[in-house]
file target08.csv (CSV, N, CA and C atoms)
chain,number,residue,atom,x,y,z
Q,3,MET,N,133.6,103.4,97.9
Q,3,MET,CA,133.9,102.0,98.0
Q,3,MET,C,134.2,101.6,99.5
Q,4,ARG,N,134.7,102.6,100.2
Q,4,ARG,CA,135.1,102.3,101.6
Q,4,ARG,C,133.9,101.8,102.4
Q,5,LEU,N,132.7,102.5,102.2
Q,5,LEU,CA,131.5,102.1,102.9
Q,5,LEU,C,131.1,100.6,102.7
Q,6,LEU,N,131.2,100.2,101.5
Q,6,LEU,CA,130.9,98.8,101.2
Q,6,LEU,C,131.9,97.8,101.8
Q,7,HIS,N,133.2,98.2,101.8
Q,7,HIS,CA,134.2,97.3,102.4
Q,7,HIS,C,134.0,97.2,103.9
Q,8,GLY,N,133.2,98.1,104.5
Q,8,GLY,CA,133.0,98.1,105.9
Q,8,GLY,C,132.1,96.9,106.4
Q,9,HIS,N,131.6,96.1,105.5
Q,9,HIS,CA,130.8,95.0,105.9
Q,9,HIS,C,131.6,94.0,106.7
Q,10,GLN,N,132.9,93.9,106.4
Q,10,GLN,CA,133.7,93.1,107.2
Q,10,GLN,C,133.8,93.6,108.7
Q,11,LEU,N,133.5,94.8,108.9
Q,11,LEU,CA,133.5,95.4,110.2
Q,11,LEU,C,132.1,95.3,110.9
Q,12,GLY,N,131.1,94.7,110.2
Q,12,GLY,CA,129.8,94.5,110.8
Q,12,GLY,C,128.7,95.2,110.2
Q,13,HIS,N,128.9,95.9,109.1
Q,13,HIS,CA,127.7,96.5,108.4
Q,13,HIS,C,126.8,95.4,107.8
Q,14,SER,N,125.5,95.6,108.0
Q,14,SER,CA,124.6,94.5,107.5
Q,14,SER,C,124.4,94.7,106.0
Q,15,LEU,N,123.9,93.6,105.4
Q,15,LEU,CA,123.6,93.6,104.0
Q,15,LEU,C,122.4,94.6,103.7
Q,16,PRO,N,121.4,94.7,104.5
Q,16,PRO,CA,120.4,95.8,104.3
Q,16,PRO,C,121.0,97.2,104.2
Q,17,THR,N,122.0,97.4,105.0
Q,17,THR,CA,122.7,98.7,105.0
Q,17,THR,C,123.4,98.9,103.7
Q,18,LEU,N,124.0,97.9,103.2
Q,18,LEU,CA,124.7,97.9,101.9
Q,18,LEU,C,123.7,98.1,100.8
Q,19,PHE,N,122.6,97.4,100.9
Q,19,PHE,CA,121.6,97.6,99.9
Q,19,PHE,C,121.0,99.0,99.8
Q,20,VAL,N,120.8,99.6,100.9
Q,20,VAL,CA,120.4,101.0,101.0
Q,20,VAL,C,121.4,101.9,100.3
Q,21,ALA,N,122.7,101.7,100.6
Q,21,ALA,CA,123.7,102.5,100.0
Q,21,ALA,C,123.8,102.2,98.5
Q,22,LEU,N,123.7,101.0,98.1
Q,22,LEU,CA,123.7,100.7,96.6
Q,22,LEU,C,122.5,101.3,95.9
Q,23,SER,N,121.4,101.3,96.5
Q,23,SER,CA,120.2,101.8,95.9
Q,23,SER,C,120.0,103.3,95.9
Q,24,SER,N,120.7,103.9,96.8
Q,24,SER,CA,120.6,105.4,96.8
Q,24,SER,C,121.8,106.2,96.2
Q,25,ILE,N,122.9,105.5,96.1
Q,25,ILE,CA,124.1,106.2,95.5
Q,25,ILE,C,124.4,105.7,94.1
Q,26,LYS,N,124.1,106.5,93.2
Q,26,LYS,CA,124.2,106.1,91.8
Q,26,LYS,C,125.6,105.7,91.4
Q,27,GLY,N,125.8,104.6,90.7
Q,27,GLY,CA,127.2,104.3,90.3
Q,27,GLY,C,128.0,103.5,91.3
Q,28,LEU,N,127.5,103.3,92.5
Q,28,LEU,CA,128.2,102.5,93.5
Q,28,LEU,C,128.1,101.1,93.1
Q,29,LYS,N,129.2,100.4,93.3
Q,29,LYS,CA,129.3,99.0,92.9
Q,29,LYS,C,129.4,98.0,94.1
Q,30,PHE,N,129.0,96.8,93.9
Q,30,PHE,CA,129.1,95.8,95.0
Q,30,PHE,C,129.8,94.6,94.4
Q,31,HIS,N,130.6,93.9,95.3
Q,31,HIS,CA,131.2,92.7,94.9
Q,31,HIS,C,131.0,91.6,95.9
Q,32,LEU,N,130.8,90.4,95.5
Q,32,LEU,CA,130.5,89.3,96.5
Q,32,LEU,C,131.6,89.1,97.5
Q,33,GLY,N,132.8,89.6,97.2
Q,33,GLY,CA,133.9,89.5,98.1
Q,33,GLY,C,133.6,90.3,99.4
Q,34,PHE,N,132.6,91.2,99.4
Q,34,PHE,CA,132.3,92.0,100.6
Q,34,PHE,C,131.5,91.1,101.6
Q,35,ILE,N,131.0,90.0,101.1
Q,35,ILE,CA,130.3,89.0,102.0
Q,35,ILE,C,131.3,88.0,102.5
Q,36,ARG,N,131.2,87.7,103.8
Q,36,ARG,CA,132.2,86.7,104.3
Q,36,ARG,C,131.9,85.4,103.7
Q,37,SER,N,133.0,84.6,103.5
Q,37,SER,CA,132.9,83.4,102.8
Q,37,SER,C,132.1,82.3,103.5
Q,38,ARG,N,131.9,82.4,104.8
Q,38,ARG,CA,131.1,81.4,105.5
Q,38,ARG,C,129.7,81.4,105.0
Q,39,TRP,N,129.2,82.5,104.3
Q,39,TRP,CA,127.8,82.5,103.8
Q,39,TRP,C,127.7,81.9,102.4
Q,40,TYR,N,128.8,81.6,101.7
Q,40,TYR,CA,128.7,81.1,100.4
Q,40,TYR,C,128.3,79.6,100.4
Q,41,GLN,N,127.5,79.2,99.4
Q,41,GLN,CA,127.2,77.8,99.2
Q,41,GLN,C,128.4,77.0,98.9
Q,42,ASP,N,129.3,77.6,98.1
Q,42,ASP,CA,130.5,77.0,97.7
Q,42,ASP,C,131.7,77.8,98.2
Q,43,PRO,N,132.3,77.4,99.3
Q,43,PRO,CA,133.3,78.2,100.0
Q,43,PRO,C,134.6,78.3,99.1
Q,44,ASN,N,134.7,77.5,98.1
Q,44,ASN,CA,135.9,77.5,97.2
Q,44,ASN,C,135.7,78.3,95.9
Q,45,ILE,N,134.6,79.1,95.9
Q,45,ILE,CA,134.3,79.9,94.7
Q,45,ILE,C,135.4,80.9,94.4
Q,46,ASN,N,135.7,81.1,93.1
Q,46,ASN,CA,136.8,82.0,92.7
Q,46,ASN,C,136.1,83.4,92.5
Q,47,LEU,N,136.2,84.3,93.4
Q,47,LEU,CA,135.6,85.6,93.4
Q,47,LEU,C,136.2,86.5,92.3
Q,48,ALA,N,137.4,86.2,91.9
Q,48,ALA,CA,138.0,87.1,90.9
Q,48,ALA,C,137.3,87.0,89.6
Q,49,ASP,N,136.5,85.9,89.3
Q,49,ASP,CA,135.8,85.7,88.1
Q,49,ASP,C,134.4,86.5,88.1
Q,50,ILE,N,134.0,87.0,89.2
Q,50,ILE,CA,132.7,87.6,89.4
Q,50,ILE,C,132.9,89.1,89.3
Q,51,PRO,N,132.2,89.8,88.4
Q,51,PRO,CA,132.4,91.2,88.2
Q,51,PRO,C,131.7,92.0,89.3
Q,52,LEU,N,132.1,93.3,89.4
Q,52,LEU,CA,131.3,94.2,90.3
Q,52,LEU,C,130.0,94.4,89.7
Q,53,THR,N,129.0,94.7,90.6
Q,53,THR,CA,127.6,95.0,90.1
Q,53,THR,C,127.0,96.1,90.9
Q,54,GLY,N,126.0,96.8,90.3
Q,54,GLY,CA,125.3,97.8,90.9
Q,54,GLY,C,123.8,97.4,91.0
Q,55,CYS,N,123.0,98.4,91.4
Q,55,CYS,CA,121.5,98.1,91.5
Q,55,CYS,C,120.7,98.6,90.3
Q,56,GLU,N,121.4,99.2,89.3
Q,56,GLU,CA,120.6,99.9,88.2
Q,56,GLU,C,119.8,98.9,87.4
Q,57,HIS,N,120.2,97.6,87.4
Q,57,HIS,CA,119.4,96.6,86.6
Q,57,HIS,C,118.3,96.0,87.4
Q,58,LEU,N,118.1,96.2,88.6
Q,58,LEU,CA,117.0,95.7,89.4
Q,58,LEU,C,115.7,96.3,89.1
Q,59,PRO,N,114.6,95.6,89.1
Q,59,PRO,CA,113.3,96.2,88.9
Q,59,PRO,C,113.0,97.2,89.9
Q,60,SER,N,112.1,98.2,89.5
Q,60,SER,CA,111.8,99.3,90.5
Q,60,SER,C,111.0,98.8,91.7
Q,61,LEU,N,110.3,97.7,91.5
Q,61,LEU,CA,109.6,97.1,92.6
Q,61,LEU,C,110.5,96.7,93.8
Q,62,ILE,N,111.6,96.1,93.4
Q,62,ILE,CA,112.6,95.7,94.4
Q,62,ILE,C,113.3,96.9,95.1
Q,63,MET,N,113.4,98.0,94.3
Q,63,MET,CA,114.1,99.2,94.8
Q,63,MET,C,113.2,100.1,95.6
Q,64,SER,N,111.9,99.8,95.6
Q,64,SER,CA,111.0,100.7,96.3
Q,64,SER,C,111.0,100.4,97.8
Q,65,ASN,N,110.4,101.4,98.5
Q,65,ASN,CA,110.3,101.3,100.0
Q,65,ASN,C,109.1,100.4,100.3
Q,66,PRO,N,109.4,99.2,101.0
Q,66,PRO,CA,108.2,98.4,101.3
Q,66,PRO,C,107.2,99.0,102.2
Q,67,LEU,N,107.6,100.0,103.1
Q,67,LEU,CA,106.6,100.6,103.9
Q,67,LEU,C,105.7,101.5,103.1
Q,68,GLU,N,106.2,102.1,102.1
Q,68,GLU,CA,105.3,103.0,101.2
Q,68,GLU,C,104.4,102.1,100.5
Q,69,MET,N,104.8,100.9,100.0
Q,69,MET,CA,103.9,100.0,99.3
Q,69,MET,C,102.9,99.4,100.2
Q,70,GLN,N,103.2,99.2,101.5
Q,70,GLN,CA,102.3,98.6,102.4
Q,70,GLN,C,101.1,99.5,102.6
Q,71,ALA,N,101.3,100.8,102.5
Q,71,ALA,CA,100.2,101.8,102.7
Q,71,ALA,C,99.2,101.7,101.5
Q,72,GLN,N,99.7,101.3,100.3
Q,72,GLN,CA,98.9,101.2,99.1
Q,72,GLN,C,98.1,99.9,99.1
Q,73,LEU,N,98.6,98.8,99.7
Q,73,LEU,CA,97.9,97.5,99.7
Q,73,LEU,C,96.7,97.5,100.5
Q,74,PRO,N,95.6,96.9,100.1
Q,74,PRO,CA,94.4,96.8,100.9
Q,74,PRO,C,94.7,95.9,102.1
Q,75,THR,N,94.1,96.2,103.3
Q,75,THR,CA,94.3,95.4,104.5
Q,75,THR,C,93.4,94.1,104.3
Q,76,PRO,N,93.9,93.0,104.8
Q,76,PRO,CA,93.2,91.8,104.7
Q,76,PRO,C,92.0,91.9,105.7
Q,77,PRO,N,90.8,91.2,105.3
Q,77,PRO,CA,89.6,91.3,106.1
Q,77,PRO,C,89.8,90.7,107.5
Q,78,THR,N,90.7,89.8,107.7
Q,78,THR,CA,90.9,89.2,109.0
Q,78,THR,C,91.9,89.9,109.9
Q,79,MET,N,92.4,91.0,109.4
Q,79,MET,CA,93.4,91.8,110.2
Q,79,MET,C,92.7,92.4,111.4
Q,80,THR,N,93.3,92.4,112.6
Q,80,THR,CA,92.8,92.9,113.8
Q,80,THR,C,92.7,94.5,113.7
Q,81,VAL,N,91.5,95.0,114.1
Q,81,VAL,CA,91.3,96.4,114.0
Q,81,VAL,C,91.6,97.1,115.4
Q,82,PRO,N,92.3,98.2,115.4
Q,82,PRO,CA,92.5,98.9,116.7
Q,82,PRO,C,91.2,99.3,117.3
Q,83,ALA,N,91.2,99.3,118.6
Q,83,ALA,CA,90.0,99.7,119.4
Q,83,ALA,C,89.5,101.1,119.1
Q,84,ARG,N,90.4,102.0,118.9
Q,84,ARG,CA,90.0,103.4,118.6
Q,84,ARG,C,89.3,103.4,117.2
Q,85,GLU,N,89.7,102.7,116.3
Q,85,GLU,CA,89.0,102.6,115.0
Q,85,GLU,C,87.6,102.0,115.1
Q,86,VAL,N,87.5,101.0,115.9
Q,86,VAL,CA,86.2,100.4,116.1
Q,86,VAL,C,85.2,101.4,116.7
Q,87,LEU,N,85.7,102.1,117.8
Q,87,LEU,CA,84.9,103.1,118.5
Q,87,LEU,C,84.4,104.2,117.5
Q,88,HIS,N,85.4,104.8,116.8
Q,88,HIS,CA,85.0,105.9,115.9
Q,88,HIS,C,84.1,105.4,114.7
Q,89,THR,N,84.3,104.3,114.2
Q,89,THR,CA,83.5,103.8,113.1
Q,89,THR,C,82.1,103.5,113.6
Q,90,ALA,N,82.0,102.9,114.8
Q,90,ALA,CA,80.7,102.6,115.4
Q,90,ALA,C,79.9,103.9,115.7
Q,91,GLU,N,80.6,104.8,116.3
Q,91,GLU,CA,80.0,106.1,116.6
Q,91,GLU,C,79.4,106.8,115.3
Q,92,ALA,N,80.2,106.7,114.3
Q,92,ALA,CA,79.8,107.3,113.0
Q,92,ALA,C,78.6,106.6,112.4
Q,93,ALA,N,78.5,105.3,112.6
Q,93,ALA,CA,77.3,104.6,112.1
Q,93,ALA,C,76.1,104.8,113.0
Q,94,LEU,N,76.3,105.0,114.3
Q,94,LEU,CA,75.2,105.2,115.2
Q,94,LEU,C,74.7,106.7,115.2
Q,95,ARG,N,75.5,107.6,114.8
Q,95,ARG,CA,75.1,109.0,114.9
Q,95,ARG,C,73.8,109.3,114.2
Q,96,PRO,N,73.5,108.8,113.0
Q,96,PRO,CA,72.2,109.1,112.4
Q,96,PRO,C,71.0,108.5,113.2
Q,97,LEU,N,71.3,107.3,113.8
Q,97,LEU,CA,70.2,106.7,114.6
Q,97,LEU,C,69.9,107.5,115.9
Q,98,LEU,N,70.9,108.1,116.4
Q,98,LEU,CA,70.8,108.9,117.7
Q,98,LEU,C,70.1,110.2,117.5
Q,99,HIS,N,70.0,110.7,116.3
Q,99,HIS,CA,69.6,112.0,116.0
Q,99,HIS,C,68.2,112.3,116.6
Q,100,GLY,N,67.3,111.4,116.5
Q,100,GLY,CA,65.9,111.6,116.9
Q,100,GLY,C,65.6,111.2,118.3
Q,101,ILE,N,66.6,110.7,119.1
Q,101,ILE,CA,66.3,110.2,120.4
Q,101,ILE,C,66.2,111.4,121.4
Q,102,GLN,N,65.0,111.5,122.1
Q,102,GLN,CA,64.8,112.6,123.0
Q,102,GLN,C,64.3,112.1,124.4
Q,103,THR,N,63.7,110.9,124.4
Q,103,THR,CA,63.2,110.4,125.7
Q,103,THR,C,63.8,109.0,126.0
Q,104,ARG,N,63.6,108.6,127.3
Q,104,ARG,CA,64.1,107.3,127.7
Q,104,ARG,C,63.5,106.2,126.9
Q,105,GLU,N,62.2,106.4,126.6
Q,105,GLU,CA,61.5,105.3,125.8
Q,105,GLU,C,62.1,105.2,124.4
Q,106,HIS,N,62.4,106.3,123.7
Q,106,HIS,CA,63.1,106.2,122.4
Q,106,HIS,C,64.5,105.5,122.5
Q,107,LEU,N,65.2,105.9,123.6
Q,107,LEU,CA,66.5,105.3,123.8
Q,107,LEU,C,66.4,103.8,124.0
Q,108,GLU,N,65.5,103.3,124.9
Q,108,GLU,CA,65.3,101.9,125.1
Q,108,GLU,C,64.9,101.2,123.9
Q,109,GLU,N,64.1,101.8,123.0
Q,109,GLU,CA,63.7,101.1,121.8
Q,109,GLU,C,64.9,100.9,120.9
Q,110,LEU,N,65.7,102.0,120.8
Q,110,LEU,CA,66.9,101.9,120.0
Q,110,LEU,C,67.8,100.8,120.4
Q,111,VAL,N,68.1,100.8,121.8
Q,111,VAL,CA,69.0,99.8,122.3
Q,111,VAL,C,68.4,98.4,122.1
Q,112,GLY,N,67.1,98.2,122.3
Q,112,GLY,CA,66.5,96.9,122.0
Q,112,GLY,C,66.7,96.5,120.6
Q,113,SER,N,66.5,97.4,119.6
Q,113,SER,CA,66.7,97.1,118.2
Q,113,SER,C,68.1,96.7,117.9
Q,114,LEU,N,69.1,97.4,118.6
Q,114,LEU,CA,70.5,97.1,118.3
Q,114,LEU,C,70.8,95.7,118.9
Q,115,VAL,N,70.3,95.4,120.1
Q,115,VAL,CA,70.5,94.1,120.7
Q,115,VAL,C,69.9,93.0,119.8
Q,116,GLU,N,68.8,93.2,119.2
Q,116,GLU,CA,68.2,92.2,118.3
Q,116,GLU,C,69.0,91.9,117.1
Q,117,ILE,N,69.7,93.0,116.6
Q,117,ILE,CA,70.5,92.8,115.4
Q,117,ILE,C,71.7,92.0,115.8
Q,118,ARG,N,72.2,92.1,117.0
Q,118,ARG,CA,73.4,91.4,117.4
Q,118,ARG,C,73.1,89.9,117.5
call {"tool": "encode", "arguments": {"input": "target08.csv", "output": "structure tokens"}}
result
Amino acid sequence: MRLLHGHQLGHSLPTLFVALSSIKGLKFHLGFIRSRWYQDPNINLADIPLTGCEHLPSLIMSNPLEMQAQLPTPPTMTVPAREVLHTAEAALRPLLHGIQTREHLEELVGSLVEIR
């Protein structure tokens, strides 16, 4: 309980949420939040019971960074230069297999320029 009371000393709500979500049975009370954040500063906090995180859906309790890795990237997202280079090299590798002369190379480059 001491950790949660520390919010008055500057602990952030995300820190409290991490504590609540990782320590089973730990309870939270709105009194730990400074009254300046309440919509109704005259609220009677004695009527509000302690609560924990066990009733929250698992989606809220999950790590958003882990979920981000599972989500498909949007098609308009900027691609890092290294990924562009490696992907382009992988696509060109079969085309470069038969190139042995300058004439073959110039034909290939000409074909690629036409595609562009």
call {"tool": "atom_distance", "arguments": {"input": "target08.csv", "atom1": "atom CA of Q:Gln41", "atom2": "atom N of Q:Leu22"}}
result
23.5 Å
call {"tool": "residues_around", "arguments": {"input": "target08.csv", "residues": "Q:His31", "least_positions_apart": "3", "cutoff": "7 Å", "atoms": "only C-alpha atoms", "output": "short mmCIF file (atom, residue, chain, number, x, y, z; two decimals) with N, CA and C atoms, keeping the file's coordinate frame"}}
result
data_model
loop_
_atom_site.label_atom_id
_atom_site.label_comp_id
_atom_site.auth_asym_id
_atom_site.auth_seq_id
_atom_site.Cartn_x
_atom_site.Cartn_y
_atom_site.Cartn_z
N PHE Q 34 132.60 91.20 99.40
CA PHE Q 34 132.30 92.00 100.60
C PHE Q 34 131.50 91.10 101.60
N PRO Q 51 132.20 89.80 88.40
CA PRO Q 51 132.40 91.20 88.20
C PRO Q 51 131.70 92.00 89.30
N LEU Q 52 132.10 93.30 89.40
CA LEU Q 52 131.30 94.20 90.30
C LEU Q 52 130.00 94.40 89.70
N THR Q 53 129.00 94.70 90.60
CA THR Q 53 127.60 95.00 90.10
C THR Q 53 127.00 96.10 90.90
#
call {"tool": "atom_distance", "arguments": {"input": "target08.csv", "atom1": "atom CA of Q:Phe19", "atom2": "atom C of Q:Trp39"}}
result
17.0 Å
call {"tool": "atom_distance", "arguments": {"input": "target08.csv", "atom1": "atom CA of Q:Val86", "atom2": "atom CA of Q:Val115"}}
result
17.5 Å
call {"tool": "closest_residue", "arguments": {"input": "target08.csv", "among": "Q:Met79, Q:Leu97, Q:Leu32, Q:Ala92", "to": "Q:Ile45", "atoms": "only C-alpha atoms"}}
result
Q:Leu32
call {"tool": "closest_residue", "arguments": {"input": "target08.csv", "among": "Q:Ala90, Q:Gly33, Q:Leu28, Q:Pro74", "to": "Q:Leu47", "atoms": "only N, CA and C atoms"}}
result
Q:Gly33
